[in-house]
$ cat my_file.cif   # mmCIF, C-alpha atoms
data_work
#
loop_
_atom_site.label_atom_id
_atom_site.label_comp_id
_atom_site.auth_asym_id
_atom_site.auth_seq_id
_atom_site.Cartn_x
_atom_site.Cartn_y
_atom_site.Cartn_z
CA MET X 792 13.75 19.13 -15.78
CA HIS X 793 17.45 18.51 -16.20
CA PRO X 794 18.46 15.69 -18.59
CA GLY X 795 19.59 13.47 -15.72
CA PHE X 796 16.47 13.77 -13.59
CA PHE X 797 15.10 10.28 -14.26
CA ASP X 798 18.60 8.80 -14.15
CA HIS X 799 18.95 10.17 -10.63
CA LEU X 800 15.52 8.80 -9.68
CA LEU X 801 16.57 5.36 -10.91
CA LEU X 802 19.89 5.54 -9.08
CA ILE X 803 18.29 6.58 -5.79
CA GLY X 804 15.55 3.95 -6.23
CA LYS X 805 18.22 1.26 -6.71
CA PHE X 806 19.93 2.45 -3.54
CA GLU X 807 16.67 2.05 -1.61
CA LEU X 808 16.31 -1.48 -2.96
CA LYS X 809 19.86 -2.30 -1.93
CA ARG X 810 19.30 -0.84 1.52
CA SER X 811 16.22 -3.04 1.97
CA PHE X 812 17.55 -6.30 0.54
CA ALA X 813 21.29 -6.14 1.21
CA THR X 814 21.47 -4.89 4.80
CA ARG X 815 20.86 -6.79 8.01
CA SER X 816 17.94 -4.64 9.17
CA GLY X 817 16.36 -4.72 5.72
CA LEU X 818 16.68 -8.49 5.44
CA LEU X 819 15.21 -8.90 8.92
CA SER X 820 12.15 -6.90 7.86
CA ILE X 821 11.75 -8.94 4.66
CA VAL X 822 12.10 -12.25 6.51
CA THR X 823 9.58 -11.13 9.14
CA PHE X 824 7.09 -10.20 6.42
CA ALA X 825 7.67 -13.54 4.65
CA VAL X 826 7.06 -15.55 7.84
CA VAL X 827 3.91 -13.61 8.76
CA TRP X 828 2.53 -13.87 5.22
CA CYS X 829 3.23 -17.62 5.05
CA VAL X 830 1.27 -18.13 8.26
CA ILE X 831 -1.66 -16.11 6.87
CA LEU X 832 -1.48 -17.91 3.52
CA LEU X 833 -1.32 -21.46 4.87
CA TYR X 834 -3.90 -21.15 7.63
CA PRO X 835 -6.72 -18.56 7.55
CA LEU X 836 -6.52 -17.90 3.80
CA ARG X 837 -6.23 -21.54 2.71
CA LEU X 838 -8.85 -22.81 5.15
CA ALA X 839 -11.32 -20.07 4.26
CA ALA X 840 -10.78 -20.76 0.54
CA GLU X 841 -11.54 -24.45 1.09
CA LEU X 842 -14.74 -23.50 2.90
CA LEU X 843 -15.78 -21.23 0.03
CA VAL X 844 -15.14 -24.00 -2.51
CA GLN X 845 -17.26 -26.42 -0.45
CA GLU X 846 -20.10 -23.88 -0.16
CA LYS X 847 -20.35 -23.63 -3.95
CA GLY X 848 -21.45 -27.25 -4.01
CA LEU X 849 -24.15 -26.70 -1.40
CA MET X 850 -27.58 -25.17 -1.84
CA GLN X 851 -27.72 -21.53 -2.84
CA GLY X 852 -29.25 -18.85 -0.67
CA PHE X 853 -27.23 -19.39 2.48
CA SER X 854 -23.58 -18.72 3.12
CA PHE X 855 -21.51 -18.52 6.27
CA PHE X 856 -19.65 -15.57 4.73
CA ASP X 857 -22.93 -13.70 4.20
CA VAL X 858 -23.65 -14.09 7.90
CA ILE X 859 -20.30 -12.62 8.97
CA GLY X 860 -20.47 -9.77 6.42
CA PHE X 861 -18.06 -11.07 3.77
CA GLY X 862 -20.56 -12.13 1.14
CA SER X 863 -18.61 -10.20 -1.52
CA LEU X 864 -16.04 -13.02 -1.45
CA GLN X 865 -18.48 -15.14 -3.44
CA GLN X 866 -18.17 -12.74 -6.38
CA TRP X 867 -14.62 -13.91 -7.00
CA PRO X 868 -14.45 -16.96 -9.32
CA ILE X 869 -11.25 -18.07 -7.55
CA PRO X 870 -11.79 -17.85 -3.76
CA GLU X 871 -8.09 -17.58 -2.91
CA PHE X 872 -7.76 -14.25 -4.72
CA GLY X 873 -10.92 -12.89 -3.11
CA LEU X 874 -9.48 -13.68 0.31
CA PHE X 875 -6.06 -12.36 -0.69
CA TRP X 876 -7.77 -9.13 -1.77
CA HIS X 877 -9.45 -8.68 1.62
CA PHE X 878 -6.38 -9.58 3.68
CA ALA X 879 -4.09 -7.40 1.57
CA LEU X 880 -6.34 -4.33 1.84
CA LEU X 881 -5.76 -4.46 5.59
CA ILE X 882 -2.10 -5.49 5.66
CA PHE X 883 -0.34 -3.52 2.94
CA PRO X 884 -1.56 0.03 3.78
CA LEU X 885 -0.40 -0.50 7.38
CA LEU X 886 2.84 -2.05 6.17
CA SER X 887 3.33 0.93 3.89
CA ILE X 888 3.27 3.32 6.84
CA MET X 889 6.08 1.40 8.53
CA LEU X 890 8.19 0.76 5.44
CA ALA X 891 7.95 4.31 4.11
CA ALA X 892 8.46 6.15 7.42
CA ASP X 893 12.19 6.79 6.96
CA GLN X 894 12.57 8.28 3.50
CA THR X 895 14.59 11.40 4.33
CA CYS X 896 14.28 12.13 8.06
CA SER X 897 17.17 10.03 9.39
CA ASP X 898 19.58 11.33 6.73
CA ARG X 899 18.57 14.88 7.58
CA GLU X 900 19.12 14.34 11.31
CA ARG X 901 22.54 12.73 10.71
CA GLY X 902 23.52 15.60 8.44
CA THR X 903 24.14 13.35 5.44
CA LEU X 904 21.25 14.74 3.41
CA ARG X 905 23.05 18.04 2.84
CA PHE X 906 25.96 16.15 1.27
CA ILE X 907 23.61 14.05 -0.89
CA VAL X 908 21.94 17.12 -2.38
CA VAL X 909 25.35 18.52 -3.36
CA ARG X 910 25.49 15.91 -6.15
CA SER X 911 21.75 15.78 -6.68
CA SER X 912 18.80 18.03 -5.81
CA ARG X 913 16.07 18.05 -3.22
CA ASP X 914 13.46 17.11 -5.80
CA ARG X 915 15.51 14.17 -7.05
CA VAL X 916 16.15 12.88 -3.54
CA PHE X 917 12.52 13.31 -2.49
CA PHE X 918 10.96 11.64 -5.55
CA GLY X 919 13.77 9.07 -5.82
CA ARG X 920 13.25 7.85 -2.26
CA PHE X 921 9.50 7.72 -2.87
CA ALA X 922 10.02 5.70 -6.07
CA GLY X 923 12.42 3.34 -4.30
CA VAL X 924 9.97 2.63 -1.47
CA MET X 925 7.20 2.05 -4.01
CA MET X 926 9.39 -0.45 -5.88
CA ILE X 927 10.00 -2.36 -2.64
CA GLN X 928 6.28 -2.50 -1.90
CA ALA X 929 5.48 -3.54 -5.46
CA LEU X 930 7.92 -6.44 -5.10
CA LEU X 931 6.35 -7.51 -1.79
CA ILE X 932 2.83 -7.28 -3.22
CA SER X 933 3.90 -9.28 -6.29
CA ALA X 934 5.54 -11.93 -4.11
CA ALA X 935 2.37 -12.24 -2.01
CA GLY X 936 0.26 -12.48 -5.17
CA LEU X 937 2.49 -15.15 -6.70
CA SER X 938 2.37 -17.19 -3.50
CA THR X 939 -1.44 -16.99 -3.66
CA LEU X 940 -1.27 -18.17 -7.28
CA ALA X 941 0.87 -21.12 -6.15
CA LEU X 942 -1.81 -21.99 -3.58
CA VAL X 943 -4.47 -21.88 -6.31
CA LEU X 944 -2.42 -24.14 -8.60
CA TYR X 945 -1.78 -26.56 -5.75
CA ARG X 946 -5.56 -26.96 -5.42
CA ASP X 947 -6.22 -27.15 -9.17
CA ALA X 948 -3.51 -26.65 -11.81
CA ALA X 949 -6.17 -26.21 -14.51
CA LEU X 950 -7.03 -22.79 -13.04
CA PHE X 951 -3.75 -21.23 -14.21
CA SER X 952 -5.12 -19.30 -17.20
CA SER X 953 -8.21 -18.04 -15.35
CA ALA X 954 -6.12 -17.05 -12.29
CA LEU X 955 -3.72 -14.76 -14.17
CA PRO X 956 -6.25 -11.92 -14.72
CA ASP X 957 -7.14 -11.95 -11.01
CA LEU X 958 -3.44 -11.89 -10.10
CA PHE X 959 -2.84 -8.90 -12.39
CA VAL X 960 -5.84 -6.83 -11.28
CA VAL X 961 -5.24 -7.42 -7.57
CA THR X 962 -1.53 -6.58 -7.85
CA VAL X 963 -2.19 -3.35 -9.77
CA ASN X 964 -4.93 -2.30 -7.35
CA LEU X 965 -2.81 -2.93 -4.27
CA VAL X 966 0.08 -0.92 -5.69
CA LEU X 967 -2.38 1.93 -6.31
CA ALA X 968 -3.85 1.52 -2.81
CA VAL X 969 -0.48 2.03 -1.07
CA LEU X 970 0.50 5.04 -3.22
CA PRO X 971 -1.17 7.72 -1.03
CA PHE X 972 0.12 6.14 2.18
CA THR X 973 3.67 6.18 0.82
CA ALA X 974 3.20 9.77 -0.36
CA MET X 975 1.88 10.76 3.08
CA MET X 976 4.96 9.23 4.71
CA ALA X 977 7.21 11.02 2.21
CA ALA X 978 5.69 14.36 3.27
CA LEU X 979 5.94 13.54 6.98
CA SER X 980 9.49 12.21 6.64
CA ALA X 981 10.49 15.52 5.06
CA LYS X 982 9.25 17.35 8.16
CA VAL X 983 9.85 15.28 11.30
CA LYS X 984 13.10 14.10 12.90
CA SER X 985 12.73 10.30 12.95
CA ALA X 986 10.86 7.39 11.44
CA ARG X 987 9.14 6.78 14.78
CA GLN X 988 7.77 10.32 14.83
CA ALA X 989 6.63 9.98 11.22
CA THR X 990 4.77 6.77 12.08
CA VAL X 991 3.10 8.27 15.15
CA TRP X 992 2.08 11.42 13.28
CA ALA X 993 0.74 9.35 10.38
CA VAL X 994 -1.50 7.32 12.68
CA LEU X 995 -2.71 10.41 14.52
CA ILE X 996 -3.37 12.45 11.39
CA TRP X 997 -5.01 9.52 9.62
CA THR X 998 -7.27 8.73 12.60
CA PHE X 999 -8.31 12.28 13.49
CA LEU X 1000 -8.70 13.42 9.88
CA ALA X 1001 -10.94 10.44 9.13
CA GLY X 1002 -12.99 11.05 12.30
CA ILE X 1003 -13.40 14.80 11.81
CA ILE X 1004 -14.26 14.58 8.11
CA GLY X 1005 -16.58 11.63 8.78
CA GLY X 1006 -18.42 13.70 11.38
CA PHE X 1007 -18.77 16.69 9.06
CA ALA X 1008 -20.00 14.45 6.24
CA TYR X 1009 -22.56 12.82 8.54
CA TYR X 1010 -24.17 16.10 9.64
CA LEU X 1011 -23.52 17.97 6.37
CA PRO X 1012 -23.73 15.46 3.49
CA THR X 1013 -22.67 18.17 1.03
CA LEU X 1014 -19.19 17.97 2.59
CA GLY X 1015 -18.88 14.27 1.77
CA PHE X 1016 -16.35 15.08 -0.95
CA LEU X 1017 -13.84 15.92 1.81
CA LYS X 1018 -13.43 12.19 2.36
CA LEU X 1019 -11.20 12.26 -0.69
CA LEU X 1020 -8.57 13.88 1.54
CA VAL X 1021 -8.29 10.75 3.72
CA PRO X 1022 -5.79 8.20 2.34
CA GLY X 1023 -7.47 4.83 2.00
CA TYR X 1024 -11.03 6.05 2.52
CA GLN X 1025 -12.06 3.98 -0.53
CA LEU X 1026 -10.70 0.70 0.85
CA SER X 1027 -14.02 -0.37 2.37
CA ALA X 1028 -15.74 0.23 -0.96
CA LEU X 1029 -13.00 -1.66 -2.78
CA ALA X 1030 -13.54 -4.68 -0.53
CA GLU X 1031 -17.09 -4.97 -1.87
CA LEU X 1032 -15.91 -5.12 -5.49
CA SER X 1033 -14.28 -7.92 -7.43
CA GLY X 1034 -12.20 -8.45 -10.55
CA TRP X 1035 -11.88 -5.56 -12.99
CA GLN X 1036 -14.58 -3.61 -11.14
CA THR X 1037 -11.95 -2.74 -8.52
CA LEU X 1038 -10.23 -0.40 -10.99
CA GLN X 1039 -13.21 1.95 -11.10
CA LEU X 1040 -11.90 3.71 -7.96
CA ALA X 1041 -8.29 3.95 -9.19
CA TYR X 1042 -8.60 7.73 -9.58
CA VAL X 1043 -8.90 8.20 -5.79
CA PRO X 1044 -5.40 7.05 -4.72
CA LEU X 1045 -3.84 8.72 -7.78
CA TRP X 1046 -5.47 12.05 -6.93
CA GLN X 1047 -4.51 11.76 -3.24
CA SER X 1048 -0.92 10.86 -4.12
CA LEU X 1049 -0.50 13.88 -6.38
CA ILE X 1050 -1.70 16.22 -3.62
CA LEU X 1051 0.45 14.62 -0.91
CA LEU X 1052 3.54 14.54 -3.12
CA ALA X 1053 3.06 18.20 -3.99
CA LEU X 1054 2.78 18.97 -0.27
CA GLY X 1055 5.86 16.88 0.51
CA ARG X 1056 7.87 18.56 -2.24
CA TRP X 1057 6.87 21.97 -0.84
CA ILE X 1058 8.01 20.92 2.66
CA MET X 1059 11.24 19.43 1.32
CA ALA X 1060 12.08 22.60 -0.59
CA ARG X 1061 11.74 24.77 2.54
CA GLN X 1062 13.07 22.41 5.17
CA THR X 1063 16.45 23.13 6.71
CA LEU X 1064 18.96 20.37 5.92
#

$ encode --input "my_file.cif" --output "structure tokens"
Amino acid sequence: MHPGFFDHLLLIGKFELKRSFATRSGLLSIVTFAVVWCVILLYPLRLAAELLVQEKGLMQGFSFFDVIGFGSLQQWPIPEFGLFWHFALLIFPLLSIMLAADQTCSDRERGTLRFIVVRSSRDRVFFGRFAGVMMIQALLISAAGLSTLALVLYRDAALFSSALPDLFVVTVNLVLAVLPFTAMMAALSAKVKSARQATVWAVLIWTFLAGIIGGFAYYLPTLGFLKLLVPGYQLSALAELSGWQTLQLAYVPLWQSLILLALGRWIMARQTL
């Protein structure tokens, strides 16, 4: 690596942050996310948390959440974070596909990417854009987690010290969960012509790959390890875990991200600018 490799990554990452928070389209996306998350936080999440708190005072052995298949929520000592965990496992991977779709494709189609790599390199641009998108998602996940913490403290301020570990473990796990999705979009963005194409291809590849591998694993259980190739395949298992137990599957998104980033780097190195 050249001495300025990480300096370039930081510079490109800062540019991605500026593009997301200092431009009209970026601000519109952030405001839209904030409005949607506030609605989720104040209505389904808050109301479900109140129901969980009330159930703890009732007789054991029966729970409405057991009936609807969400009994794992009762494993969380603070209901709000258990609900945040379940909602976020659905929202943030999908959000990642949309946010990370345009990492290099639009610059390549406009012809600006060839001028960018004159002062940098393909590797620095590829990994710098990936790092920038990950920073944006980490900020959004942290903001959602802090808003959940505020909801917990509004219910009972004495829960502050016990809520911090849940906030930390959920935030770290969600950042890990979106890593392979962002890496997948980095690889697709290096190949296709637009963010829309990257999004469509991501959905198609994700859906068909999961279906085909799931079918093989069903009829040939020895091929079950192929599920590791599907980004997010561990999310359903993660939803059944709570607290620090959720980190026991951290190796899956890290392994998937390394493979997808290596593939994306290979595509980027051979793609015509």

$ closest_residue --input "my_file.cif" --among "X:Leu1011, X:Ile831, X:Met1059, X:Leu836" --to "Arg913 in chain X" --atoms "only C-alpha atoms"
X:Met1059

$ atom_distance --input "my_file.cif" --atom1 "CA of Gln1039 in chain X" --atom2 "CA of Thr939 in chain X"
23.5 Å

$ resolve_selection --input "my_file.cif" --expression "the PyMOL selection byres ((chain X and resi 977-990) around 8)" --output "list in words"
Ile888, Met889, Ala891, Ala892, Asp893, Gln894, Thr895, Cys896, Ser897, Arg899, Glu900, Phe917, Phe921, Thr973, Ala974, Met975, Met976, Val991, Trp992, Ala993, Val994, Leu1051, Leu1052, Leu1054, Gly1055, Arg1056, Ile1058, Met1059 and Gln1062 of chain X

$ atom_distance --input "my_file.cif" --atom1 "CA of Arg915 in chain X" --atom2 "CA of Arg1061 in chain X"
14.8 Å

$ resolve_selection --input "my_file.cif" --expression "the PyMOL selection byres ((chain X and resi 944-955) around 12)" --output "list in words"
Leu833, Arg837, Leu838, Ala840, Glu841, Val844, Trp867, Pro868, Ile869, Pro870, Glu871, Phe872, Gly873, Gly936, Leu937, Ser938, Thr939, Leu940, Ala941, Leu942, Val943, Pro956, Asp957, Leu958, Phe959, Val960, Val961, Thr962 and Gly1034 of chain X

$ closest_residue --input "my_file.cif" --among "X:Leu904, X:Val826, X:Leu801, X:Leu819" --to "Gly923 in chain X" --atoms "all atoms listed in the file"
X:Leu801
